[in-house]
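K.L.:
Quick one, coords-v9.pdb (PDB, C-alpha atoms and all ligand atoms):
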ATOM      1  CA  MET A   1       2.545   5.909 -25.523  1.00  0.00           C
ATOM      2  CA  GLY A   2       4.377   3.846 -22.885  1.00  0.00           C
ATOM      3  CA  LYS A   3       2.350   1.332 -20.961  1.00  0.00           C
ATOM      4  CA  LEU A   4       2.440   0.457 -17.242  1.00  0.00           C
ATOM      5  CA  VAL A   5       0.493  -2.485 -15.839  1.00  0.00           C
ATOM      6  CA  ILE A   6      -0.763  -1.953 -12.293  1.00  0.00           C
ATOM      7  CA  ALA A   7      -0.466  -5.299 -10.502  1.00  0.00           C
ATOM      8  CA  SER A   8      -3.503  -4.789  -8.296  1.00  0.00           C
ATOM      9  CA  GLY A   9      -7.125  -5.820  -8.582  1.00  0.00           C
ATOM     10  CA  ASN A  10      -8.187  -3.041  -6.182  1.00  0.00           C
ATOM     11  CA  LYS A  11     -10.028  -0.300  -8.121  1.00  0.00           C
ATOM     12  CA  GLY A  12      -9.455   2.263  -5.337  1.00  0.00           C
ATOM     13  CA  LYS A  13      -5.690   1.750  -5.482  1.00  0.00           C
ATOM     14  CA  ILE A  14      -5.672   1.938  -9.294  1.00  0.00           C
ATOM     15  CA  ARG A  15      -7.509   5.290  -9.111  1.00  0.00           C
ATOM     16  CA  GLU A  16      -4.982   6.588  -6.562  1.00  0.00           C
ATOM     17  CA  PHE A  17      -2.074   5.520  -8.765  1.00  0.00           C
ATOM     18  CA  GLU A  18      -3.716   7.186 -11.783  1.00  0.00           C
ATOM     19  CA  GLU A  19      -3.901  10.482  -9.892  1.00  0.00           C
ATOM     20  CA  TYR A  20      -0.263  10.407  -8.798  1.00  0.00           C
ATOM     21  CA  LEU A  21       1.221   9.054 -12.028  1.00  0.00           C
ATOM     22  CA  GLY A  22      -0.920  11.075 -14.456  1.00  0.00           C
ATOM     23  CA  GLU A  23       1.905  13.497 -15.254  1.00  0.00           C
ATOM     24  CA  LEU A  24       4.019  10.675 -16.735  1.00  0.00           C
ATOM     25  CA  GLY A  25       1.622  10.393 -19.680  1.00  0.00           C
ATOM     26  CA  LEU A  26       1.548   6.599 -19.512  1.00  0.00           C
ATOM     27  CA  GLN A  27      -1.280   4.269 -20.379  1.00  0.00           C
ATOM     28  CA  LEU A  28      -2.070   2.565 -17.046  1.00  0.00           C
ATOM     29  CA  CYS A  29      -3.601  -0.902 -17.450  1.00  0.00           C
ATOM     30  CA  PRO A  30      -5.029  -3.302 -14.861  1.00  0.00           C
ATOM     31  CA  LYS A  31      -3.323  -6.669 -14.524  1.00  0.00           C
ATOM     32  CA  PRO A  32      -4.941  -9.641 -16.285  1.00  0.00           C
ATOM     33  CA  ALA A  33      -7.720 -10.957 -14.014  1.00  0.00           C
ATOM     34  CA  HIS A  34      -6.372 -14.532 -13.968  1.00  0.00           C
ATOM     35  CA  LEU A  35      -2.911 -13.478 -12.772  1.00  0.00           C
ATOM     36  CA  GLU A  36      -2.611 -14.135  -9.011  1.00  0.00           C
ATOM     37  CA  ILE A  37       0.853 -13.927  -7.473  1.00  0.00           C
ATOM     38  CA  PRO A  38       1.208 -15.388  -3.961  1.00  0.00           C
ATOM     39  CA  GLU A  39       2.716 -12.943  -1.442  1.00  0.00           C
ATOM     40  CA  THR A  40       5.458 -15.220  -0.136  1.00  0.00           C
ATOM     41  CA  GLY A  41       7.892 -12.467   0.907  1.00  0.00           C
ATOM     42  CA  THR A  42       8.726 -11.642   4.513  1.00  0.00           C
ATOM     43  CA  THR A  43       8.810  -7.865   3.966  1.00  0.00           C
ATOM     44  CA  PHE A  44       6.540  -5.410   2.164  1.00  0.00           C
ATOM     45  CA  LEU A  45       9.324  -4.618  -0.293  1.00  0.00           C
ATOM     46  CA  GLU A  46       9.964  -8.296  -1.094  1.00  0.00           C
ATOM     47  CA  ASN A  47       6.275  -8.774  -1.886  1.00  0.00           C
ATOM     48  CA  ALA A  48       6.096  -5.622  -4.018  1.00  0.00           C
ATOM     49  CA  ARG A  49       9.214  -6.687  -5.974  1.00  0.00           C
ATOM     50  CA  LEU A  50       7.877 -10.206  -6.459  1.00  0.00           C
ATOM     51  CA  LYS A  51       4.496  -9.008  -7.761  1.00  0.00           C
ATOM     52  CA  ALA A  52       6.056  -6.358 -10.028  1.00  0.00           C
ATOM     53  CA  SER A  53       8.540  -8.718 -11.694  1.00  0.00           C
ATOM     54  CA  GLN A  54       6.108 -11.641 -12.065  1.00  0.00           C
ATOM     55  CA  THR A  55       3.475  -9.335 -13.581  1.00  0.00           C
ATOM     56  CA  ALA A  56       6.022  -7.781 -15.954  1.00  0.00           C
ATOM     57  CA  LEU A  57       7.190 -11.222 -17.113  1.00  0.00           C
ATOM     58  CA  ALA A  58       3.612 -12.426 -17.627  1.00  0.00           C
ATOM     59  CA  THR A  59       2.494  -9.313 -19.565  1.00  0.00           C
ATOM     60  CA  HIS A  60       5.788  -8.322 -21.309  1.00  0.00           C
ATOM     61  CA  CYS A  61       5.151  -4.762 -20.060  1.00  0.00           C
ATOM     62  CA  PHE A  62       6.493  -2.489 -17.359  1.00  0.00           C
ATOM     63  CA  ALA A  63       4.575  -3.331 -14.170  1.00  0.00           C
ATOM     64  CA  LEU A  64       4.036  -1.562 -10.844  1.00  0.00           C
ATOM     65  CA  ALA A  65       3.090  -3.428  -7.665  1.00  0.00           C
ATOM     66  CA  ASP A  66       2.597  -2.404  -4.069  1.00  0.00           C
ATOM     67  CA  ASP A  67       2.304  -4.139  -0.735  1.00  0.00           C
ATOM     68  CA  SER A  68       1.102  -2.429   2.390  1.00  0.00           C
ATOM     69  CA  GLY A  69      -0.039  -3.041   5.920  1.00  0.00           C
ATOM     70  CA  LEU A  70      -0.016  -2.009   9.563  1.00  0.00           C
ATOM     71  CA  GLU A  71       2.801  -2.598  12.068  1.00  0.00           C
ATOM     72  CA  VAL A  72       1.859  -2.369  15.754  1.00  0.00           C
ATOM     73  CA  ASP A  73       4.848  -1.995  18.102  1.00  0.00           C
ATOM     74  CA  ALA A  74       3.265  -3.726  21.129  1.00  0.00           C
ATOM     75  CA  LEU A  75       2.492  -6.730  18.900  1.00  0.00           C
ATOM     76  CA  GLY A  76       6.092  -7.011  17.706  1.00  0.00           C
ATOM     77  CA  GLY A  77       5.206  -5.478  14.324  1.00  0.00           C
ATOM     78  CA  ALA A  78       2.107  -7.650  13.672  1.00  0.00           C
ATOM     79  CA  PRO A  79      -0.012  -7.853  11.608  1.00  0.00           C
ATOM     80  CA  GLY A  80       2.687  -6.540   9.196  1.00  0.00           C
ATOM     81  CA  VAL A  81       2.793  -8.404   5.889  1.00  0.00           C
ATOM     82  CA  TYR A  82      -0.164 -10.484   7.112  1.00  0.00           C
ATOM     83  CA  SER A  83      -2.421  -7.393   7.449  1.00  0.00           C
ATOM     84  CA  ALA A  84      -4.786  -8.505   4.674  1.00  0.00           C
ATOM     85  CA  ARG A  85      -4.832 -12.103   5.968  1.00  0.00           C
ATOM     86  CA  TYR A  86      -5.337 -11.348   9.703  1.00  0.00           C
ATOM     87  CA  GLY A  87      -9.061 -12.151   9.518  1.00  0.00           C
ATOM     88  CA  ALA A  88     -11.826 -12.700   6.969  1.00  0.00           C
ATOM     89  CA  THR A  89     -13.282  -9.168   7.016  1.00  0.00           C
ATOM     90  CA  ASP A  90     -12.131  -5.677   8.020  1.00  0.00           C
ATOM     91  CA  ALA A  91     -14.248  -5.951  11.213  1.00  0.00           C
ATOM     92  CA  GLU A  92     -12.714  -9.326  12.141  1.00  0.00           C
ATOM     93  CA  ARG A  93      -9.195  -8.055  11.497  1.00  0.00           C
ATOM     94  CA  ILE A  94      -9.789  -5.018  13.749  1.00  0.00           C
ATOM     95  CA  ASP A  95     -11.374  -7.212  16.453  1.00  0.00           C
ATOM     96  CA  ARG A  96      -8.450  -9.604  16.442  1.00  0.00           C
ATOM     97  CA  LEU A  97      -5.904  -6.802  16.640  1.00  0.00           C
ATOM     98  CA  LEU A  98      -7.695  -5.067  19.544  1.00  0.00           C
ATOM     99  CA  THR A  99      -8.124  -8.374  21.405  1.00  0.00           C
ATOM    100  CA  GLU A 100      -4.429  -9.193  21.077  1.00  0.00           C
ATOM    101  CA  LEU A 101      -3.461  -5.684  22.155  1.00  0.00           C
ATOM    102  CA  GLY A 102      -5.723  -5.634  25.218  1.00  0.00           C
ATOM    103  CA  GLU A 103      -5.534  -2.427  27.254  1.00  0.00           C
ATOM    104  CA  ARG A 104      -2.016  -1.538  26.119  1.00  0.00           C
ATOM    105  CA  PRO A 105      -1.497   1.733  24.249  1.00  0.00           C
ATOM    106  CA  SER A 106       0.722   1.301  21.223  1.00  0.00           C
ATOM    107  CA  PRO A 107       2.525   3.295  18.582  1.00  0.00           C
ATOM    108  CA  ALA A 108       1.946   1.896  15.094  1.00  0.00           C
ATOM    109  CA  ARG A 109       2.704   2.707  11.484  1.00  0.00           C
ATOM    110  CA  PHE A 110       1.261   2.027   8.094  1.00  0.00           C
ATOM    111  CA  VAL A 111       3.889   0.954   5.581  1.00  0.00           C
ATOM    112  CA  CYS A 112       3.645   0.898   1.795  1.00  0.00           C
ATOM    113  CA  ALA A 113       6.277  -0.518  -0.544  1.00  0.00           C
ATOM    114  CA  ILE A 114       6.044   0.013  -4.296  1.00  0.00           C
ATOM    115  CA  ALA A 115       8.221  -1.577  -6.971  1.00  0.00           C
ATOM    116  CA  VAL A 116       8.344  -1.180 -10.752  1.00  0.00           C
ATOM    117  CA  ALA A 117       9.789  -3.862 -13.035  1.00  0.00           C
ATOM    118  CA  ASP A 118      10.777  -3.591 -16.692  1.00  0.00           C
ATOM    119  CA  PRO A 119       9.330  -6.045 -19.262  1.00  0.00           C
ATOM    120  CA  GLN A 120      12.219  -8.473 -18.510  1.00  0.00           C
ATOM    121  CA  GLY A 121      11.205  -8.568 -14.843  1.00  0.00           C
ATOM    122  CA  LYS A 122      14.122  -6.451 -13.547  1.00  0.00           C
ATOM    123  CA  ILE A 123      13.290  -4.015 -10.742  1.00  0.00           C
ATOM    124  CA  VAL A 124      13.991  -0.503 -12.043  1.00  0.00           C
ATOM    125  CA  ALA A 125      12.405   1.669  -9.328  1.00  0.00           C
ATOM    126  CA  GLU A 126      11.243   1.145  -5.750  1.00  0.00           C
ATOM    127  CA  ALA A 127      10.257   3.078  -2.648  1.00  0.00           C
ATOM    128  CA  VAL A 128       8.940   2.533   0.877  1.00  0.00           C
ATOM    129  CA  GLY A 129       6.690   5.084   2.586  1.00  0.00           C
ATOM    130  CA  THR A 130       5.404   5.127   6.155  1.00  0.00           C
ATOM    131  CA  CYS A 131       2.832   7.025   8.194  1.00  0.00           C
ATOM    132  CA  ALA A 132       3.217   7.011  11.980  1.00  0.00           C
ATOM    133  CA  GLY A 133       0.344   6.964  14.464  1.00  0.00           C
ATOM    134  CA  GLU A 134      -1.194   5.143  17.434  1.00  0.00           C
ATOM    135  CA  ILE A 135      -3.822   2.467  17.915  1.00  0.00           C
ATOM    136  CA  VAL A 136      -7.095   3.605  19.542  1.00  0.00           C
ATOM    137  CA  HIS A 137      -9.110   0.941  21.331  1.00  0.00           C
ATOM    138  CA  THR A 138     -12.501   2.144  20.092  1.00  0.00           C
ATOM    139  CA  PRO A 139     -12.897   2.416  16.304  1.00  0.00           C
ATOM    140  CA  ARG A 140     -13.684   5.970  15.126  1.00  0.00           C
ATOM    141  CA  GLY A 141     -14.986   7.224  11.773  1.00  0.00           C
ATOM    142  CA  SER A 142     -16.391   5.576   8.686  1.00  0.00           C
ATOM    143  CA  GLN A 143     -14.100   6.860   5.945  1.00  0.00           C
ATOM    144  CA  GLY A 144     -11.483   4.759   4.235  1.00  0.00           C
ATOM    145  CA  PHE A 145     -11.070   1.013   4.624  1.00  0.00           C
ATOM    146  CA  GLY A 146      -9.200  -1.688   6.508  1.00  0.00           C
ATOM    147  CA  TYR A 147      -7.658  -0.598   9.800  1.00  0.00           C
ATOM    148  CA  ASP A 148      -8.426   3.115   9.243  1.00  0.00           C
ATOM    149  CA  PRO A 149     -10.914   3.481  12.175  1.00  0.00           C
ATOM    150  CA  ILE A 150      -8.309   2.382  14.782  1.00  0.00           C
ATOM    151  CA  PHE A 151      -5.308   4.274  13.356  1.00  0.00           C
ATOM    152  CA  TYR A 152      -4.995   7.654  15.111  1.00  0.00           C
ATOM    153  CA  VAL A 153      -2.700  10.407  13.832  1.00  0.00           C
ATOM    154  CA  PRO A 154      -1.838  12.725  16.778  1.00  0.00           C
ATOM    155  CA  GLN A 155      -0.818  15.641  14.542  1.00  0.00           C
ATOM    156  CA  TYR A 156      -4.378  15.870  13.182  1.00  0.00           C
ATOM    157  CA  GLN A 157      -6.152  14.470  16.280  1.00  0.00           C
ATOM    158  CA  MET A 158      -8.132  12.138  14.042  1.00  0.00           C
ATOM    159  CA  THR A 159      -8.133   8.519  12.997  1.00  0.00           C
ATOM    160  CA  PHE A 160      -7.693   7.736   9.293  1.00  0.00           C
ATOM    161  CA  GLY A 161     -11.364   6.733   9.494  1.00  0.00           C
ATOM    162  CA  GLU A 162     -12.302  10.314  10.455  1.00  0.00           C
ATOM    163  CA  MET A 163     -10.130  11.987   7.819  1.00  0.00           C
ATOM    164  CA  SER A 164     -11.272  13.252   4.443  1.00  0.00           C
ATOM    165  CA  PRO A 165      -9.911  11.151   1.581  1.00  0.00           C
ATOM    166  CA  ALA A 166      -8.036  14.270   0.407  1.00  0.00           C
ATOM    167  CA  LEU A 167      -6.145  14.655   3.703  1.00  0.00           C
ATOM    168  CA  LYS A 168      -5.418  10.940   4.000  1.00  0.00           C
ATOM    169  CA  GLY A 169      -4.234  11.051   0.379  1.00  0.00           C
ATOM    170  CA  GLN A 170      -1.658  13.710   1.297  1.00  0.00           C
ATOM    171  CA  ILE A 171      -0.177  12.129   4.399  1.00  0.00           C
ATOM    172  CA  SER A 172      -0.602   8.384   3.896  1.00  0.00           C
ATOM    173  CA  HIS A 173       2.097   5.746   3.578  1.00  0.00           C
ATOM    174  CA  ARG A 174       1.071   5.313  -0.099  1.00  0.00           C
ATOM    175  CA  ALA A 175       1.459   9.063  -0.741  1.00  0.00           C
ATOM    176  CA  HIS A 176       4.942   9.042   0.822  1.00  0.00           C
ATOM    177  CA  ALA A 177       6.029   6.014  -1.211  1.00  0.00           C
ATOM    178  CA  LEU A 178       4.677   7.512  -4.441  1.00  0.00           C
ATOM    179  CA  ALA A 179       6.408  10.837  -3.759  1.00  0.00           C
ATOM    180  CA  GLN A 180       9.744   8.988  -3.589  1.00  0.00           C
ATOM    181  CA  LEU A 181       8.951   6.837  -6.602  1.00  0.00           C
ATOM    182  CA  LEU A 182       7.897   9.587  -8.990  1.00  0.00           C
ATOM    183  CA  PRO A 183      11.376  11.131  -9.541  1.00  0.00           C
ATOM    184  CA  GLN A 184      12.729   7.629 -10.270  1.00  0.00           C
ATOM    185  CA  LEU A 185       9.956   7.009 -12.816  1.00  0.00           C
ATOM    186  CA  ARG A 186      10.647  10.337 -14.557  1.00  0.00           C
ATOM    187  CA  GLN A 187      14.149   9.008 -15.372  1.00  0.00           C
ATOM    188  CA  LEU A 188      12.864   5.845 -17.064  1.00  0.00           C
ATOM    189  CA  ARG A 189      12.078   5.315 -20.726  1.00  0.00           C
ATOM    190  CA  PHE A 190       8.874   3.302 -20.874  1.00  0.00           C
ATOM    191  CA  GLU A 191       8.763   1.342 -24.058  1.00  0.00           C
ATOM    192  CA  GLY A 192       8.199  -2.159 -25.386  1.00  0.00           C
ATOM    193  CA  ASP A 193       4.760  -3.537 -24.712  1.00  0.00           C
TER     194      ASP A 193
HETATM  195  P1  LIG A 201      -2.330  -5.383   0.261  1.00  0.00           P
HETATM  196  O1  LIG A 201      -3.515  -5.062  -0.608  1.00  0.00           O
HETATM  197  O2  LIG A 201      -1.762  -6.732   0.090  1.00  0.00           O
HETATM  198  O3  LIG A 201      -1.285  -4.295   0.217  1.00  0.00           O
HETATM  199  O4  LIG A 201      -2.902  -5.468   1.743  1.00  0.00           O
HETATM  200  C1  LIG A 201      -3.018  -4.351   2.486  1.00  0.00           C
HETATM  201  C2  LIG A 201      -3.819  -4.641   3.739  1.00  0.00           C
HETATM  202  O5  LIG A 201      -3.263  -3.799   4.745  1.00  0.00           O
HETATM  203  C3  LIG A 201      -5.275  -4.221   3.545  1.00  0.00           C
HETATM  204  O6  LIG A 201      -6.105  -5.328   3.381  1.00  0.00           O
HETATM  205  C4  LIG A 201      -5.578  -3.496   4.843  1.00  0.00           C
HETATM  206  O7  LIG A 201      -6.020  -4.432   5.769  1.00  0.00           O
HETATM  207  C5  LIG A 201      -4.233  -2.962   5.296  1.00  0.00           C
HETATM  208  N1  LIG A 201      -4.023  -1.584   4.794  1.00  0.00           N
HETATM  209  C6  LIG A 201      -3.108  -1.148   3.889  1.00  0.00           C
HETATM  210  N2  LIG A 201      -3.211   0.165   3.676  1.00  0.00           N
HETATM  211  C7  LIG A 201      -4.231   0.581   4.462  1.00  0.00           C
HETATM  212  C8  LIG A 201      -4.825   1.863   4.664  1.00  0.00           C
HETATM  213  O8  LIG A 201      -4.482   2.890   4.068  1.00  0.00           O
HETATM  214  N3  LIG A 201      -5.840   1.878   5.557  1.00  0.00           N
HETATM  215  C9  LIG A 201      -6.276   0.793   6.237  1.00  0.00           C
HETATM  216  N4  LIG A 201      -5.769  -0.418   6.062  1.00  0.00           N
HETATM  217  C10 LIG A 201      -4.734  -0.533   5.172  1.00  0.00           C
END
Hey, can you dump this file as structure tokens for me?
Ligand code: IMP

P.N.:
Amino acid sequence: MGKLVIASGNKGKIREFEEYLGELGLQLCPKPAHLEIPETGTTFLENARLKASQTALATHCFALADDSGLEVDALGGAPGVYSARYGATDAERIDRLLTELGERPSPARFVCAIAVADPQGKIVAEAVGTCAGEIVHTPRGSQGFGYDPIFYVPQYQMTFGEMSPALKGQISHRAHALAQLLPQLRQLRFEGD
């Protein structure tokens, strides 16, 4: 059975990837706990590529990595690739974003880039998915994580924080990226671990 290392320590993400990639019949493995790759890229895709190839080289296996975050138009695209580092906790990150935004309304989008590297570290598949919405100034809902309570999707008249995990799982940036990635992965021969 082919093996794919998921370059993420986040159990929730690993579960999501398992659901989407199940049909490929691969053994999905978590990355070694000691392996930390600094996100030095300036785009989501650069970071995903970097983490995928470094993890593949370190484990001698195919490796999948993602990088994601929130871009707010009125903040010039911030927090962007710094989404996870914008504050110490989810609450502090939301506070900082709302303070910097002030009263302004703003379109925003979640972005997710995913890259897969072969055991030699070469990128063999990649995709970027987005989900468009708006920032609401009062957090709503307790589902999800991160910036979900302030990310409003007009089509469903709900924030991500108010959405069921099933609905968010269908329309999210990660879902869109995975939908583009899957046909590329079906073409690959996973071997050599
Ligand atoms: P990553 O784990 O390096 O991709 O960092 C992603 C960061 O972006 C997280 O810490 C969250 O703050 C934010 N983020 C990414 N995806 C989501 C999402 O689906 N909901 C809420 N916040 C997200």

K.L.:
Pick out the residues no farther than 6 Å from ligand LIG 201 (chain A), counting all atoms listed in the file, and list them as an MDAnalysis selection string.

P.N.:
chainID A and resid 67:69 83:84 145:148

K.L.:
Need the neighbours of (-3.0, -1.9, 19.8): which residues are at most 6 Å away, counting all atoms listed in the file, as a list of chain:residue names?

P.N.:
A:Leu98, A:Leu101, A:Pro105, A:Ser106, A:Ile135

K.L.:
Hey, can you check how far atom CA of Ser172 of chain A sits from atom CA of Gln187 of chain A?

P.N.:
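Taking atom CA of Ser172 of chain A as the start and atom CA of Gln187 of chain A as the end point, the length is 24.3 Å.
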
K.L.:
Nearest to Leu64 of chain A among A:Ala175, A:Val136, A:Leu50, A:Ala91, with distances taken over all atoms listed in the file: which residue is it?

P.N.:
A:Leu50

K.L.:
Could you check how far atom CA of Ile94 of chain A sits from atom CA of Gly133 of chain A, in Å to one decimal?

P.N.:
15.7 Å

K.L.:
Neighbourhood query: residues within 12 Å of (3.4, -5.7, 10.3), file coordinates, counting all atoms listed in the file; return as JSON, numbers by chain.

P.N.:
{"A": [42, 43, 44, 67, 68, 69, 70, 71, 72, 73, 74, 75, 76, 77, 78, 79, 80, 81, 82, 83, 84, 85, 86, 97, 108, 109, 110, 111, 112, 130]}

K.L.:
Could you state which residues are captured by the PyMOL selection byres (((chain A and resi 126) around 10) and not hetatm) in this file, as a PyMOL selection string?

P.N.:
chain A and resi 45+48-49+64-66+113-117+123-125+127-128+177-178+180-182+184-185

K.L.:
Please indicate the distance in Å from atom CA of Tyr20 of chain A to atom CA of Val5 of chain A, rounded to one decimal place.

P.N.:
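The value is 14.7 Å.
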
K.L.:
With a distance cut-off of 7 Å and only C-alpha atoms, select the neighbouring residues of segment 149-163 of chain A, excluding the residue or stretch itself and same-chain residues fewer than 3 positions from it, and output the selection as a VMD selection string.

P.N.:
chain A and resid 133 to 144 167 to 168

K.L.:
So, counting all atoms listed in the file, which residue among A:Pro38, A:Pro119, A:Gly102, A:Gly87 is closest to Leu4 of chain A?

P.N.:
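Distance minimum relative to Leu4 of chain A lands on A:Pro119.
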
K.L.:
When the PyMOL selection byres (((chain A and resi 191) around 12) and not hetatm) is applied to the file above, which residues end up in the set, as a PyMOL selection string?

P.N.:
chain A and resi 1-4+26-27+60-63+118-120+188-190+192-193

K.L.:
Specify as a PyMOL selection string each residue included when the PyMOL selection byres (((chain A and resi 34) around 12) and not hetatm) is applied to this file.

P.N.:
chain A and resi 7-9+30-33+35-37+55+58-59

K.L.:
For each of A:Leu28, A:Ala88, A:Ala166, A:Ala179, take the minimum atom-to-atom distance to Gly129 of chain A, counting only C-alpha atoms, then give the residue where this is smallest.

P.N.:
A:Ala179

K.L.:
Kindly indicate which residue among A:Asp95, A:Arg174, A:Lys51, A:Arg186 lies nearest to Gly22 of chain A, using all atoms listed in the file for the distances.

P.N.:
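For Gly22 of chain A, the nearest of the given residues is A:Arg186.
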
K.L.:
How about completing segment 97-109 of chain A with N, CA, C and O atoms and giving it to me as a PDB file, in the frame of the given file?

P.N.:
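Output file rebuild.pdb is given in full below:
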ATOM      1  N   LEU A  97      -7.016  -7.663  16.243  1.00  0.00           N
ATOM      2  CA  LEU A  97      -5.904  -6.802  16.640  1.00  0.00           C
ATOM      3  C   LEU A  97      -6.162  -6.205  18.033  1.00  0.00           C
ATOM      4  O   LEU A  97      -5.295  -6.231  18.910  1.00  0.00           O
ATOM      5  N   LEU A  98      -7.388  -5.704  18.253  1.00  0.00           N
ATOM      6  CA  LEU A  98      -7.695  -5.067  19.544  1.00  0.00           C
ATOM      7  C   LEU A  98      -7.699  -6.095  20.668  1.00  0.00           C
ATOM      8  O   LEU A  98      -7.280  -5.808  21.796  1.00  0.00           O
ATOM      9  N   THR A  99      -8.139  -7.320  20.383  1.00  0.00           N
ATOM     10  CA  THR A  99      -8.124  -8.374  21.405  1.00  0.00           C
ATOM     11  C   THR A  99      -6.688  -8.706  21.791  1.00  0.00           C
ATOM     12  O   THR A  99      -6.351  -8.824  22.972  1.00  0.00           O
ATOM     13  N   GLU A 100      -5.825  -8.840  20.779  1.00  0.00           N
ATOM     14  CA  GLU A 100      -4.429  -9.193  21.077  1.00  0.00           C
ATOM     15  C   GLU A 100      -3.709  -8.063  21.800  1.00  0.00           C
ATOM     16  O   GLU A 100      -2.847  -8.302  22.634  1.00  0.00           O
ATOM     17  N   LEU A 101      -4.119  -6.846  21.526  1.00  0.00           N
ATOM     18  CA  LEU A 101      -3.461  -5.684  22.155  1.00  0.00           C
ATOM     19  C   LEU A 101      -3.932  -5.484  23.597  1.00  0.00           C
ATOM     20  O   LEU A 101      -3.167  -5.033  24.450  1.00  0.00           O
ATOM     21  N   GLY A 102      -5.184  -5.855  23.870  1.00  0.00           N
ATOM     22  CA  GLY A 102      -5.723  -5.634  25.218  1.00  0.00           C
ATOM     23  C   GLY A 102      -5.771  -4.159  25.541  1.00  0.00           C
ATOM     24  O   GLY A 102      -6.062  -3.335  24.677  1.00  0.00           O
ATOM     25  N   GLU A 103      -5.433  -3.829  26.806  1.00  0.00           N
ATOM     26  CA  GLU A 103      -5.534  -2.427  27.254  1.00  0.00           C
ATOM     27  C   GLU A 103      -4.319  -1.591  26.872  1.00  0.00           C
ATOM     28  O   GLU A 103      -4.288  -0.384  27.068  1.00  0.00           O
ATOM     29  N   ARG A 104      -3.284  -2.253  26.356  1.00  0.00           N
ATOM     30  CA  ARG A 104      -2.016  -1.538  26.119  1.00  0.00           C
ATOM     31  C   ARG A 104      -2.167  -0.439  25.072  1.00  0.00           C
ATOM     32  O   ARG A 104      -2.779  -0.668  24.036  1.00  0.00           O
ATOM     33  N   PRO A 105      -1.576   0.747  25.332  1.00  0.00           N
ATOM     34  CA  PRO A 105      -1.497   1.733  24.249  1.00  0.00           C
ATOM     35  C   PRO A 105      -0.370   1.282  23.320  1.00  0.00           C
ATOM     36  O   PRO A 105       0.529   0.573  23.755  1.00  0.00           O
ATOM     37  N   SER A 106      -0.408   1.684  22.072  1.00  0.00           N
ATOM     38  CA  SER A 106       0.722   1.301  21.223  1.00  0.00           C
ATOM     39  C   SER A 106       0.930   2.225  20.038  1.00  0.00           C
ATOM     40  O   SER A 106      -0.010   2.515  19.300  1.00  0.00           O
ATOM     41  N   PRO A 107       2.189   2.655  19.844  1.00  0.00           N
ATOM     42  CA  PRO A 107       2.525   3.295  18.582  1.00  0.00           C
ATOM     43  C   PRO A 107       2.371   2.277  17.445  1.00  0.00           C
ATOM     44  O   PRO A 107       2.486   1.064  17.686  1.00  0.00           O
ATOM     45  N   ALA A 108       2.110   2.770  16.259  1.00  0.00           N
ATOM     46  CA  ALA A 108       1.946   1.896  15.094  1.00  0.00           C
ATOM     47  C   ALA A 108       2.293   2.690  13.852  1.00  0.00           C
ATOM     48  O   ALA A 108       2.407   3.919  13.914  1.00  0.00           O
ATOM     49  N   ARG A 109       2.489   1.990  12.750  1.00  0.00           N
ATOM     50  CA  ARG A 109       2.704   2.707  11.484  1.00  0.00           C
ATOM     51  C   ARG A 109       2.141   1.900  10.334  1.00  0.00           C
ATOM     52  O   ARG A 109       2.180   0.666  10.352  1.00  0.00           O
TER      53      ARG A 109
END
